[in-house]
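To start, the structure itself, in structure tokens.
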Protein chains: 2
Amino acid sequence: MLNQEHVVIGKSLNKVEAVKKAKGDLKYSGDIMVPNCLHAKVLRSPHAHALVKSIDTTKADNLPGVHAVITHEDIPEISTVHNAVYAYQSQCFDSYILERKVRHVGDRVAAVAAETIEIAEEALDLISVEYEILPLVVDRIKTMKPGAPVIHEYVHRGDKRVDIRNNILASKEIEYGNVEKGFREADLIVENVYETSRANNAQLERSVITCCPGEGGRLDVYATTQGIHTLRIALAESLGIPIHLINVHRLYLGGSFGAHIHTGFIESICAFLAIKTQRPVRLEKTREEIFLSCGRHPETIRIKSGVKSDGTLIAHHMDLTDDTGAYATGAESKLSLGAGDFVSMYRCPNQKVTGRTVYTNTPPLTAMRGAGNPQVHFALESQMDIIAKKLGIDPAEIRLKNLIRVGDVLYGAGQDIVSKIKSNGTASLLKKGAEIINWKNRDNLSTDKPWVKRGIGVARGFHTSGCGSEKPSELYVEYTGAIVMFNVDGTVNLNIAAVDMGPGGDTALAAIAAEELGVPFEDVNVVDNDTSTSLFDCPTHASRNTYVVGTAVRKASIQAKEIIKAWAAKILEVPIELLETRNGTVHVLEKSDLAISIKDVVRTGHSQGWGTIMGSTSHRPREIAPHFTVCFCEVEVDTRTGEVRVVRVVSGADVGTVINRQGVEGQIEGGVHMGLGYALMEDTVIDDTTGAVLTTDFLNYKTLGPRDMPKIDTIIADTYEPSGPFGAKGCGEGVTNHIAPAVCNSIYSATGVRIYSLPATPEKILTGLRKLREEAK
Amino acid sequence: MLNQEHVVIGKSLNKVEAVKKAKGDLKYSGDIMVPNCLHAKVLRSPHAHALVKSIDTTKADNLPGVHAVITHEDIPEISTVHNAVYAYQSQCFDSYILERKVRHVGDRVAAVAAETIEIAEEALDLISVEYEILPLVVDRIKTMKPGAPVIHEYVHRGDKRVDIRNNILASKEIEYGNVEKGFREADLIVENVYETSRANNAQLERSVITCCPGEGGRLDVYATTQGIHTLRIALAESLGIPIHLINVHRLYLGGSFGAHIHTGFIESICAFLAIKTQRPVRLEKTREEIFLSCGRHPETIRIKSGVKSDGTLIAHHMDLTDDTGAYATGAESKLSLGAGDFVSMYRCPNQKVTGRTVYTNTPPLTAMRGAGNPQVHFALESQMDIIAKKLGIDPAEIRLKNLIRVGDVLYGAGQDIVSKIKSNGTASLLKKGAEIINWKNRDNLSTDKPWVKRGIGVARGFHTSGCGSEKPSELYVEYTGAIVMFNVDGTVNLNIAAVDMGPGGDTALAAIAAEELGVPFEDVNVVDNDTSTSLFDCPTHASRNTYVVGTAVRKASIQAKEIIKAWAAKILEVPIELLETRNGTVHVLEKSDLAISIKDVVRTGHSQGWGTIMGSTSHRPREIAPHFTVCFCEVEVDTRTGEVRVVRVVSGADVGTVINRQGVEGQIEGGVHMGLGYALMEDTVIDDTTGAVLTTDFLNYKTLGPRDMPKIDTIIADTYEPSGPFGAKGCGEGVTNHIAPAVCNSIYSATGVRIYSLPATPEKILTGLRKLREEAK
């Protein structure tokens with residue numbers, strides 16, 4: 001199949017929903033307007049750490065148009081389920097729907113359902129709460145110190161109650177080989193500490209959930225979610241409703257980047273209010289509320305590297321402190337994923353990771369594109385640059401020398417998710433990228449303004465495609481499904497629960513179905529469905545859509561194609577072995593004059609009552625097929641202001657076989673945008689003394705605008721992943737992970753200033769330049 | 001399997017939707033309220049036959065709140081598809097969405113979409129139409145006379161244009177054996193003409209359709225329909241829309257009795273207005289509009305019977321004139337079905353049917369419970385009674401003597417739909433019914449009022465279960481499908497496109513799934529679905545739900561059960577052959593201590609990522625498994641007023657294995673109610689000279705109220721149908737067909753008055769009594 005000429009895949013396909021999006025026709029969760037709907041608002045804590053001594057809701061209750069006011073007293077103390085993709089025993093229960101002890105500014109104190117948003121907001125103002133303010137801690141290192149304020153007395157892990165008064169949610173220690181011995185054998189030891197920022201997912205779409213109570217206790221849910229089946233399970237478990245009574249409808253998302261993998265609290269609040277009022281209830285987050293409840297985990301990462309003088313890594317130790325905020329919404333998975341990332345980037349015989357995830361009195365963090373990887377990539381790829389500089393080795397060369405290769409074992413998230421690498425296009429990406437950026441000339445760069453310094457840096461990376469594993473994981477439930485069904489006119493319905501967050505998952509899956517079935521791409525319709533009519537899927541996460549769901553789609557398509565061929569064999573009276581489908585036609589091998597269109601096969605079968613052609617399958621991935629990436633970045637740094645202008649980015653990805661070229665290019669470009677923001681400016685700023693979030697809108701939380709964007713060259717490696725559909729693997733996160741370190745390495749290359757703490761703000765660069773000048777004195 | 005003790009089936013089960021119905025929670029098409037919806041109304045002709053010379057819509061167009069006014073000029077002359085269950089070449093195209101020549105009072109002239117129903121109605125008043133009135137014909141015999149007004153110049157059958165100026169839509173002639181020879185050998189020849197009435201389906205729910213235009217030309221449709229897939233095809237073909245863009249949602253119906261098998265015109269009108277306005281449009285029929293567009297075909301039936309003196313039928317000829325009204329909405333199928341019915345009721349070596357379906361200037365008729373059978377049953381079972389009386393044979397005996405038996409060939413609709421009888425419980429029903437009603441004593445009945453006469457009559461009947469056939473029919477597309485899918489909590493989703501019109505189809509299907517899977521009945525959820533997420537199903541018709549769809553459900557359940565067993569085998573480490581499921585548990589044969597609950601099997605499989613358990617299949621029935629029925633009826637006739645009081649009805653059915661006892665009893669009782677109405681009072685009265693419908697509401701169109709109902713004894717034969725799921729066959733129509741002749745035979749038994757024309761009104765009985773008195777003089 002490797003050399004087969006493809007008809008659909010590999011081309012640049014417009015997204016299946018492109019025209020609808022362009023015309024404003026596509027319905028997002030915010031467009032769901034149910035008649036007779038109430039609107040909900042959440043009363044949020046102004047304090048970062050406090051006990052709710054008393055709440056008086058009398059005035060709010062009496063406000064005309066208010067249908068329900070709820071506080072922690074109304075809600076049985078059921079722990080909310082953060083993420084149903086985790087096996088029960090791995091789930092951390094640390095929160096209720098509404099709290100009697102608030103743990104961050106913006107924490108949930110009460111909620112109102114009213115006829116209009118305005119009435120609901122007025123009702124919030126009428127609720128009076130008496131708080132007993134507690135000491136707070138927002139720093140991830142201070143929170144571990146003896147005497148720090150206790151954020152959670154205990155949590156439940158599955159059914160087990162775990163004391164957690166040290167604010168440490170989870171710890172990890174893994175070692176391969178003998179690190180101490182490795183360091184003794186090293187020619188050079190480099191040790192640095194890196195700090196990462198609290199980037200926000202900054203998705204364009206705001207989260208909206210509408211819950212409609214129906215017949216017999218049924219609850220129909222329309223939500224901004226990356227996983228309809230896991231949201232269903234989470235709601236059922238959080239509220240004690242039988243799973244089959246809940247039906248979550250699949251919708252497109254307007255970006256999400258991980259923000260809706262995990263179940264936020266608004267889902268449970270909205271569902272509870274809908275059940276209580278027996279009216280549809282709609283809850284829409286403001287942008288401020290999004291800043292108060294999602295973002296990338298900030299981390300402190302200490303890396304100690306032992307290398308031989310030729311640049312060979314001989315010992316490596318990472319110590320990682322991961323901040324989950326006030327709740328483990330995103331669980332401690334970032335710790336595991338960061339650990340897997342660290343030990344899998346480079347070959348090294350002796351590796352160790354120690355780490356911990358801690359609670360702080362800050363808004364809970366979630367998943368965000370890369371999930372634990374961008375942090376470690378920043379630290380590790382900065383560290384590799386430092387080592388190369390110290391040893392006088394070409395930074396691209398040192399990466400190639402230590403590169404993890406085909407046949408090596410790759411760890412997705414520590415010991416649990418492991419597979420052997422079957423394809424790796426890094427070497428070719430490094431070569432091609434170096435040519436495009438003119439890497440050889442990197443030391444001879446200048447600008448026409450002497451105070452503007454120019455530099456080129458490099459970094460590389462990878463991300464797993466999904467969370468597959470040979471043995472089922474004890475941590476995750478990772479499988480999906482697909483149903484391929486023909487309409488009587490010969491068009492195809494593709495029924496998948498996997499959610500398209502915007503990057504074109506549905507398009508890639510439709511292309512895979514079309515290619516395998518041999519029908520025109522336009523004839524495949526991704527249907528609206530829900531949890532009642534679709535096969536289980538764990539959420540869209542870990543760049544799995546094309547690789548994992550695509551495999552299910554391909555398998556289901558093969559089943560359906562076999563029926564098409566069997567029917568055609570009956571109609572044409574030829575053996576099925578001689579038939580193949582292509583371009584909407586069933587062809588007979590060796591008889592070019594004998595053929596029948598697939599539409600005619602389906603129509604004939606319909607009129608004969610042969611049935612509906614259908615294929616369906618569930619699929620659990622056995623591997624994680626890492627997609628590798630490379631980034632070269634060229635910057636100009638204004639040494640007077642510290643401002644960085646990114647001039648050019650060459651970003652390359654090894655995604656296996658390309659399914660939709662336009663889609664891959666779009667992912668790469670989007671990854672550059674997000675990576676540059678992480679590198680240069682994006683950070684949720686929190687006041688140390690009050691725990692207040694100072695950046696709650698896009699005026700204060702800066703992202704790159706169109707005019708800030710550099711020229712981007714995208715390169716796609718020519719590889720084939722044997723475990724993927726048509727040889728494809730993932731793309732979305734690998735292409736983000738490697739950007740920030742490439743930027744910081746190019747800043748160093750331009751100025752000699754090393755950025756140890758994200759984002760690389762002008763202030764930090766000016767401080768670095770000042771320090772360099774002082775050292776030079 | 002015959003002797004297996006069933007856990008679920010055979011019991012009395014509450015309908016799966018019973019509580020929702022009782023609480024008013026169930027959503028019917030009329031409950032669908034879409035935001036921003038326009039309301040449509042249809043301008044209907046006051047004339048029975050006229051040309052639309054001109055229409056001025058200016059004033060209506062200018063009325064504020066009106067969004068569209070359409071007439072035949074706006075609508076391309078696409079023929080509307082009456083019923084997509086017919087193969088294309090069999091379809092009769094005789095109408096447009098709106099007409100330029102109206103053919104019955106109430107015919108469609110124009111339509112309006114406006115902000116409210118009131119504005120739409122006001123707009124109708126502002127449309128001025130100039131008609132050229134044409135001569136009309138409402139009588140089904142006169143319409144065939146030379147010089148009768150021509151109703152359709154031509155129609156299209158498939159692509160073929162057929163001249164139809166004689167007003168005869170279709171003719172039929174079939175003969176088995178040699179009828180002329182048979183009559184020569186007969187000892188007695190009896191010949192009579194019977195007339196049947198224009199009964200209305202009188203379903204409680206009024207027809208509502210809501211069409212919502214969506215992204216990319218998509219159209220979401222919520223309609224009162226018996227077939228979501230056939231409505232989808234009909235709309236697509238009528239309006240020239242690709243099939244896959246239309247999505248019809250499955251809803252429960254509040255009764256229908258065949259009224260929504262065929263696509264009425266409002267569906268196309270509503271869809272056209274929605275596309276034109278690009279707004280959701282809702283069209284709701286008034287009760288008057290239902291009387292102007294549905295009902296049972298009235299027929300004139302001449303039967304000539306040749307019998308030997310021992311009562312053996314030797315020659316039989318039926319000549320049938322079937323009135324389809326102004327359009328072939330219900331097609332000419334009643335002619336075929338009536339013919340099949342006639343030749344299949346009794347063994348007779350020489351049989352002949354001649355017949356025709358004619359157009360008249362009366363509202364188009366549709367299908368109605370029994371579909372061509374109640375008319376022929378009335379005629380034939382009256383005729384058998386007359387023969388028995390003439391020969392002095394017990395009317396029950398003569399039926400038994402000539403009864404069609406196991407192994408005989410049965411014709412569903414002429415030559416096309418044929419199968420051998422595998423079960424027939426008629427004999428036992430006759431025996432048991434005779435005992436209950438005290439048949440032996442039938443000649444010694446009296447009342448305490450000398451002017452009130454009492455009598456007992458008998459009749460029998462049958463109906464096919466679906467329209468199966470060994471070879472695929474050229475006329476019909478008859479197949480269905482089912483998907484059985486487990487939720488992660490071990491409950492089951494049953495996904496079927498087949499519509500439950502109210503009698504409990506979903507309940508029977510859920511019971512079949514539960515029995516086969518071995519799960520509790522309560523754990524099976526019939527899910528909401530649509531044409532995008534379900535397998536093709538031709539409409540719910542011909543008492544096929546339990547027999548045809550039930551077989552698909554059972555097959556799909558077997559597939560799912562095999563997966564359950566395979567997983568359990570893996571978990572319990574025993575061979576799969578030793579496993580059986582029952583009562584929610586997988587048991588190990590011969591090891592009563594080893595077992596695992598199905599829920600635990602599913603939960604384990606989920607946590608291990610083994611997939612979603614699913615079974616799915618399409619099913620085309622190969623047989624028609626007739627369900628046989630018997631009715632004994634006891635009446636009192638007031639000879640002063642001609643009023644008939646039905647005292648007692650014993651109605652028995654041979655439905656094979658009973659799936660839901662309560663459901664079968666309900667069907668039998670409902671059949672009695674409908675059959676008594678047909679016998680005694682139900683008729684749509686049309687003015688001969690104007691074609692106006694005089695009965696357009698339930699004040700003028702009388703049905704039996706609760707106090708009119710007799711004591712009903714239901715008997716269920718103990719049979720097993722080898723071709724049905726668990727031995728089951730259909731029920732719904734057989735239990736209606738036989739009621740009217742039983743009533744008329746009992747009236748004869750009481751008074752000596754023979755009813756040749758339905759309904760048996762007091763006027764007809766008084767006339768009959770007067771005639772008897774005159775003859776006796």
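FYI, nothing fancy with the structure tokens labels: chains A, B, ... in order, residues from 1 per chain, ligands from 1 as they appear.
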Open item on the list: Just list as a ChimeraX atom specification whatever in region 368-557 of chain A DSSP marks as strand (DSSP E).
Closed with: /A:409-411,418-420,452-463,480-486,492-496,524-526
So which residues touch Thr116 (chain B) within 8 Å, counting only C-alpha atoms, skipping near sequence neighbours fewer than 3 positions away, as a PDB file with N, CA and C atoms, in the first residue's frame?
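For reference, out.pdb as written:
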ATOM      1  N   LEU B  38     -41.221  30.254  11.314  1.00  0.00           N
ATOM      2  CA  LEU B  38     -42.386  30.784  10.610  1.00  0.00           C
ATOM      3  C   LEU B  38     -43.492  29.730  10.608  1.00  0.00           C
ATOM      4  N   HIS B  39     -44.697  30.190  10.365  1.00  0.00           N
ATOM      5  CA  HIS B  39     -45.839  29.282  10.325  1.00  0.00           C
ATOM      6  C   HIS B  39     -46.467  29.316   8.942  1.00  0.00           C
ATOM      7  N   GLY B  65     -45.358  40.800   8.189  1.00  0.00           N
ATOM      8  CA  GLY B  65     -45.207  39.501   8.849  1.00  0.00           C
ATOM      9  C   GLY B  65     -45.263  38.337   7.882  1.00  0.00           C
ATOM     10  N   ILE B 119     -51.339  35.556  11.176  1.00  0.00           N
ATOM     11  CA  ILE B 119     -50.962  36.370  10.007  1.00  0.00           C
ATOM     12  C   ILE B 119     -51.061  35.519   8.741  1.00  0.00           C
ATOM     13  N   ALA B 120     -50.626  34.263   8.852  1.00  0.00           N
ATOM     14  CA  ALA B 120     -50.686  33.380   7.680  1.00  0.00           C
ATOM     15  C   ALA B 120     -52.134  33.192   7.235  1.00  0.00           C
TER      16      ALA B 120
END
Task: Interface list for chain B, partner chain A, 8 Å threshold, only C-alpha atoms, as a ChimeraX atom specification - done: /B:19-20,25-26,33-35,87,214-216,243-244,472-473,477-481,485,487-489,491,493,495,525,527-529,532-533,535-536,606-612,617-620
Task: Selection: 12 Å around Gly724 (chain B), only C-alpha atoms, excl. self and same-chain fewer than 5 positions, as an MDAnalysis selection string - done: chainID B and resid 2 422:423 465:466 468 512 544:555 621:627 655:659 719 729:730
Write the residues of the preceding selection, restricted to C-alpha atoms, as a short mmCIF file (atom, residue, chain, number, x, y, z; two decimals), in the first residue's frame.
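Output file selection18.cif is given in full below:
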data_model
loop_
_atom_site.label_atom_id
_atom_site.label_comp_id
_atom_site.auth_asym_id
_atom_site.auth_seq_id
_atom_site.Cartn_x
_atom_site.Cartn_y
_atom_site.Cartn_z
CA LEU B 2 -39.67 -23.30 21.24
CA LYS B 422 -46.34 -21.97 8.51
CA SER B 423 -48.77 -21.35 11.36
CA SER B 465 -47.05 -9.37 8.69
CA GLY B 466 -45.11 -7.01 6.46
CA GLY B 468 -41.84 -9.99 2.57
CA ILE B 512 -36.96 -8.85 21.94
CA ARG B 544 -44.57 -5.55 10.24
CA ASN B 545 -42.93 -4.00 13.29
CA THR B 546 -42.65 -7.01 15.61
CA TYR B 547 -42.22 -9.54 12.82
CA VAL B 548 -39.86 -7.72 10.44
CA VAL B 549 -38.07 -5.15 12.61
CA GLY B 550 -38.14 -7.63 15.50
CA THR B 551 -36.13 -10.07 13.44
CA ALA B 552 -33.53 -7.39 12.69
CA VAL B 553 -33.39 -6.50 16.39
CA ARG B 554 -32.97 -10.14 17.35
CA LYS B 555 -30.19 -10.69 14.81
CA PRO B 621 -38.23 -10.49 5.20
CA ARG B 622 -38.70 -13.52 2.94
CA GLU B 623 -42.22 -14.36 4.13
CA ILE B 624 -45.45 -12.64 5.11
CA ALA B 625 -46.41 -14.79 8.10
CA PRO B 626 -50.17 -14.07 8.12
CA HIS B 627 -51.72 -13.48 11.51
CA VAL B 655 -50.02 -13.70 16.59
CA GLY B 656 -47.55 -16.52 17.05
CA THR B 657 -45.49 -16.17 20.22
CA VAL B 658 -46.75 -13.27 22.28
CA ILE B 659 -44.00 -10.70 22.88
CA THR B 719 -49.04 -20.85 17.92
CA LYS B 729 -45.80 -12.50 13.93
CA GLY B 730 -47.83 -9.32 13.43
#
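Computed from the coordinates, the CA of Gly30 (chain A) to CA of Val672 (chain A) distance equals 27.9 Å.
The protein and nucleic acid residues lying at most 9 Å from Ala427 (chain A) are Leu400, Leu403 and Lys432 of chain A, with only C-alpha atoms considered and sequence neighbours fewer than 5 positions away removed.
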Those same residues - N, CA, C and O atoms - I'd like them written as a PDB file, in the first residue's frame.
ATOM      1  N   LEU A 400      21.233  15.882  16.592  1.00  0.00           N
ATOM      2  CA  LEU A 400      21.243  14.717  15.712  1.00  0.00           C
ATOM      3  C   LEU A 400      22.034  13.575  16.359  1.00  0.00           C
ATOM      4  O   LEU A 400      21.645  12.407  16.308  1.00  0.00           O
ATOM      5  N   LEU A 403      19.956  11.961  19.082  1.00  0.00           N
ATOM      6  CA  LEU A 403      18.548  11.758  18.697  1.00  0.00           C
ATOM      7  C   LEU A 403      18.038  10.340  18.988  1.00  0.00           C
ATOM      8  O   LEU A 403      18.726   9.353  18.739  1.00  0.00           O
ATOM      9  N   LYS A 432      16.850  19.947   5.927  1.00  0.00           N
ATOM     10  CA  LYS A 432      16.093  20.831   5.056  1.00  0.00           C
ATOM     11  C   LYS A 432      15.884  22.199   5.701  1.00  0.00           C
ATOM     12  O   LYS A 432      16.048  23.250   5.063  1.00  0.00           O
TER      13      LYS A 432
END
Open item on the list: Can you tell me, as a ChimeraX atom specification, which residues in region 179-281 of chain B count as helix (DSSP H, G or I) by DSSP?
Closed with: /B:179-185,215-217,228-239,243-245,265-277
Filtering to N, CA and C atoms, could you give me those residues as a CSV table (one decimal), in the first residue's frame?
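Contents of again-v9.csv, as written:
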chain,number,residue,atom,x,y,z
B,179,VAL,N,-62.3,-20.5,-13.5
B,179,VAL,CA,-63.5,-20.0,-12.8
B,179,VAL,C,-64.8,-20.4,-13.4
B,180,GLU,N,-64.8,-20.2,-14.8
B,180,GLU,CA,-66.1,-20.6,-15.5
B,180,GLU,C,-66.4,-22.0,-15.3
B,181,LYS,N,-65.4,-22.9,-15.4
B,181,LYS,CA,-65.6,-24.3,-15.2
B,181,LYS,C,-66.1,-24.6,-13.8
B,182,GLY,N,-65.5,-23.9,-12.9
B,182,GLY,CA,-65.9,-24.0,-11.5
B,182,GLY,C,-67.3,-23.7,-11.2
B,183,PHE,N,-67.8,-22.6,-11.8
B,183,PHE,CA,-69.2,-22.2,-11.6
B,183,PHE,C,-70.1,-23.2,-12.2
B,184,ARG,N,-69.7,-23.9,-13.3
B,184,ARG,CA,-70.6,-24.9,-13.9
B,184,ARG,C,-70.7,-26.1,-13.0
B,185,GLU,N,-69.7,-26.4,-12.2
B,185,GLU,CA,-69.7,-27.5,-11.3
B,185,GLU,C,-70.4,-27.2,-9.9
B,215,GLU,N,-26.9,24.5,7.6
B,215,GLU,CA,-25.7,24.8,7.0
B,215,GLU,C,-25.6,24.1,5.6
B,216,GLY,N,-25.1,24.8,4.6
B,216,GLY,CA,-24.8,24.1,3.4
B,216,GLY,C,-25.9,23.4,2.7
B,217,GLY,N,-27.1,24.0,2.8
B,217,GLY,CA,-28.3,23.4,2.1
B,217,GLY,C,-29.0,22.3,2.8
B,228,ILE,N,-39.2,7.6,8.4
B,228,ILE,CA,-38.3,8.7,8.3
B,228,ILE,C,-37.4,8.6,7.0
B,229,HIS,N,-37.0,7.4,6.7
B,229,HIS,CA,-36.1,7.2,5.5
B,229,HIS,C,-36.9,7.4,4.2
B,230,THR,N,-38.2,6.9,4.2
B,230,THR,CA,-38.9,7.1,2.9
B,230,THR,C,-39.4,8.6,2.8
B,231,LEU,N,-39.7,9.2,3.9
B,231,LEU,CA,-40.0,10.7,3.8
B,231,LEU,C,-38.8,11.4,3.3
B,232,ARG,N,-37.6,11.1,3.7
B,232,ARG,CA,-36.4,11.7,3.3
B,232,ARG,C,-36.2,11.6,1.8
B,233,ILE,N,-36.4,10.3,1.3
B,233,ILE,CA,-36.3,10.1,-0.1
B,233,ILE,C,-37.3,10.9,-0.9
B,234,ALA,N,-38.6,10.8,-0.4
B,234,ALA,CA,-39.7,11.5,-1.1
B,234,ALA,C,-39.4,13.0,-1.2
B,235,LEU,N,-39.0,13.6,-0.1
B,235,LEU,CA,-38.7,15.0,-0.1
B,235,LEU,C,-37.5,15.3,-1.1
B,236,ALA,N,-36.5,14.5,-1.0
B,236,ALA,CA,-35.3,14.8,-1.9
B,236,ALA,C,-35.8,14.7,-3.3
B,237,GLU,N,-36.6,13.7,-3.7
B,237,GLU,CA,-37.0,13.5,-5.1
B,237,GLU,C,-38.0,14.6,-5.5
B,238,SER,N,-38.9,14.9,-4.6
B,238,SER,CA,-39.9,16.0,-4.9
B,238,SER,C,-39.3,17.3,-5.1
B,239,LEU,N,-38.3,17.6,-4.3
B,239,LEU,CA,-37.7,19.0,-4.4
B,239,LEU,C,-36.3,19.1,-5.1
B,243,ILE,N,-30.2,13.6,-1.3
B,243,ILE,CA,-30.7,12.9,-0.1
B,243,ILE,C,-30.0,13.1,1.1
B,244,HIS,N,-28.6,13.2,1.1
B,244,HIS,CA,-27.9,13.2,2.3
B,244,HIS,C,-28.0,14.6,3.0
B,245,LEU,N,-28.5,15.6,2.3
B,245,LEU,CA,-28.6,16.9,2.9
B,245,LEU,C,-29.9,17.0,3.8
B,265,PHE,N,-49.0,16.2,1.0
B,265,PHE,CA,-48.4,17.3,0.3
B,265,PHE,C,-47.8,18.3,1.2
B,266,ILE,N,-48.3,18.4,2.5
B,266,ILE,CA,-47.8,19.4,3.3
B,266,ILE,C,-46.3,19.3,3.5
B,267,GLU,N,-45.7,18.1,3.5
B,267,GLU,CA,-44.3,17.9,3.7
B,267,GLU,C,-43.5,18.7,2.6
B,268,SER,N,-43.9,18.6,1.3
B,268,SER,CA,-43.2,19.3,0.3
B,268,SER,C,-43.4,20.8,0.4
B,269,ILE,N,-44.6,21.2,0.7
B,269,ILE,CA,-44.9,22.6,0.8
B,269,ILE,C,-44.1,23.2,1.9
B,270,CYS,N,-44.1,22.6,3.0
B,270,CYS,CA,-43.3,23.1,4.2
B,270,CYS,C,-41.8,23.2,3.8
B,271,ALA,N,-41.3,22.1,3.3
B,271,ALA,CA,-39.9,22.1,2.9
B,271,ALA,C,-39.5,23.2,1.9
B,272,PHE,N,-40.4,23.4,0.9
B,272,PHE,CA,-40.2,24.4,-0.1
B,272,PHE,C,-40.2,25.8,0.5
B,273,LEU,N,-41.1,26.1,1.4
B,273,LEU,CA,-41.2,27.4,2.1
B,273,LEU,C,-39.9,27.6,3.0
B,274,ALA,N,-39.5,26.5,3.6
B,274,ALA,CA,-38.3,26.7,4.5
B,274,ALA,C,-37.1,27.0,3.6
B,275,ILE,N,-36.9,26.4,2.5
B,275,ILE,CA,-35.8,26.6,1.6
B,275,ILE,C,-35.9,28.0,1.1
B,276,LYS,N,-37.1,28.4,0.7
B,276,LYS,CA,-37.3,29.8,0.1
B,276,LYS,C,-37.0,30.9,1.1
B,277,THR,N,-37.5,30.7,2.3
B,277,THR,CA,-37.4,31.8,3.3
B,277,THR,C,-36.1,31.6,4.1
Task: Selection: 12 Å around Ile301 (chain A), only C-alpha atoms, excl. self and same-chain fewer than 6 positions, as a count of residues only - done: 39
TODO: Fewer than 5 positions away in the same chain doesn't count, so skip those; otherwise give me all residues within 10 Å of region 121-137 of chain A, counting only C-alpha atoms, as an MDAnalysis selection string.
DONE: chainID A and resid 39:66 69 100:104 109:114 116 142:144 148:151 359:362 688:691
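When CA of Lys304 (chain A) is paired with CA of Gly425 (chain A), their separation reads 27.7 Å.
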- [ ] Give the answer as one residue: which of B:Leu292, B:Ala566, B:Cys631, B:Val16 has the shortest atom-to-atom distance to Pro503 (chain B), using only C-alpha atoms?
- [x] B:Val16
TODO: Have a look at B:Ile261, B:Ile558, B:Ala371, B:Ala199 and name the one nearest to Ala223 (chain B); count only C-alpha atoms.
DONE: B:Ile261
Open item on the list: Which residue is closest to Gly330 (chain B)? Choose from B:Glu665, B:Asp220, B:Asp94, B:Asp74 and count only C-alpha atoms.
Closed with: B:Asp94
Open item on the list: Using only C-alpha atoms, which protein or nucleic acid residues come within 7 Å of Thr324 (chain A)? Drop anything in the same chain fewer than 3 positions from it, and give the result as a VMD selection string.
Closed with: chain A and resid 297 327 to 328 357 to 359 364 to 365
